[in-house]
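What follows is a short report on a single structure.
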Amino acid sequence: MVASETPSKVENPQSKITLMEAGAQAGIELCGTTLRYAEAEAYGPKHSGRPGRPRAESGHRLLRLGSCDFDFDVARVLWGTGGAASSESFDRQVATLGEALADVYEQTTAEELRVVVHPSQAPSFFAPAPAGASKADRRARFRREARLLTRAAGMPAPETAASEAPFAADAPDDLHVDARKLRAGSEADGQDSWFRLLALDEATHARFQQVMERVPMPSFRWVASTEASAQGAAVLQRRREEGASTGDAASTEDAATLAVGRYPGHLELALVRGKALRHALHAPGATPADGAYFAAALLDRLGIAPSAVEDVFAYGLDVGAPEDAFAPLGRLTGTTPQLLDIRPILGLDPDRLAEDFDAGPYVPCVAAAL
């Protein structure tokens, strides 16, 4: 088993300065026969300046956005569950994916490619670790937890139930466990740090490393789709709050937000609080009408009243009119579900995208690039 942990940035509060910087990141999502891609440039201050000083304005510029369709299930190829007639055919399909990405990101300035992973493609879960634990101790802990969870449930293949794609847990190095810190704990207060974990087949990780040999970017990392949607929801809320008074902004800081993704065979829900991902839930076989049930379960688990939910954002495939599709969820929370709109996030004019452009499917790849 291999584990990688995304390091947290450490700053010296005594030496904070405000630097206006711009940096680009890229995001992709593989779903069925379609690859969706985005690249966005973030601009603004690297640090927020002295304590008490307002943060300088920042934002994102869209550099590229689009999709590629293949004559084979490109998601299954990446995850190694495709129906290629032979290993030679499979290798050609992997090479085709690499060529497509190389073409899409020709002359890119992006520093990193973020690859979106849906819960139907690989298990993701949340785990605490003692704030004072070493990185090696955390990795060992996460390996054990990932092993237990994947042995119990099986590693699900794309768009299939876990029971249809049993996970081979016999090999010692069959998992790549990716950990990303969500909340820092305090050793003095006995509070644990919390991490988002992704448990991927090591062969999938190696396969994408092979794909990246063709892509003009120095690195890549995996991003859970719920993590990406939570990021998108948080940025959208910040855009809406720009120009609001300090009192108004503070009053919504503890409000909860739900981001709900609709895909063939599952719903995925992310709970955002304090502009950060707090928890997520995967509901196999669920439809939008079931969203209220699973949202109620998630909120109850976290001890959050439905009335504390300020916004419900929808994304994914065939979302249609969220206020209709997710009407029961709207009644539960007393909100009007709405599309997680990428245009305000990217500072786009309303007419920048075609009138019939369906933004819902692009939310994960755009949000991953933020």
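We label chains A, B, ... in the order they appear in the structure tokens, count residues from 1 in each chain, and number ligands from 1 in the order shown.
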Residues of range 57-294 of chain A in strand (DSSP E or B) according to DSSP, as a ChimeraX atom specification?
-> /A:59-69,110-117,124-129,175-183,186,191,193-201,220-224,256-263,266-273,276-284
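Taking CA of Ala295 in chain A and CA of Ser124 in chain A as the two end points, the separation is 17.7 Å.
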Of the listed residues A:Glu88, A:Asp174, A:Glu355, A:Asp311, that which approaches Pro337 in chain A most closely, counting only C-alpha atoms |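 Ranking A:Glu88, A:Asp174, A:Glu355, A:Asp311 by distance to Pro337 in chain A, first place goes to A:Asp311.
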All residues 8 Å or closer to Glu310 in chain A, only C-alpha atoms, same chain fewer than 2 positions away omitted, as a VMD selection string | chain A and resid 255 to 257 307 to 308 312 333 335
Generate a file of the selected residues that holds C-alpha atoms, formatted as a tab-separated table (two decimals), in the first residue's frame.
chain	number	residue	atom	x	y	z
A	255	ALA	CA	-24.30	28.69	8.26
A	256	ALA	CA	-24.31	25.29	6.57
A	257	THR	CA	-24.38	24.68	2.84
A	307	SER	CA	-32.90	25.04	9.39
A	308	ALA	CA	-29.18	25.89	9.68
A	312	VAL	CA	-28.48	24.04	-1.44
A	333	THR	CA	-34.07	22.97	4.61
A	335	THR	CA	-34.29	26.84	0.83
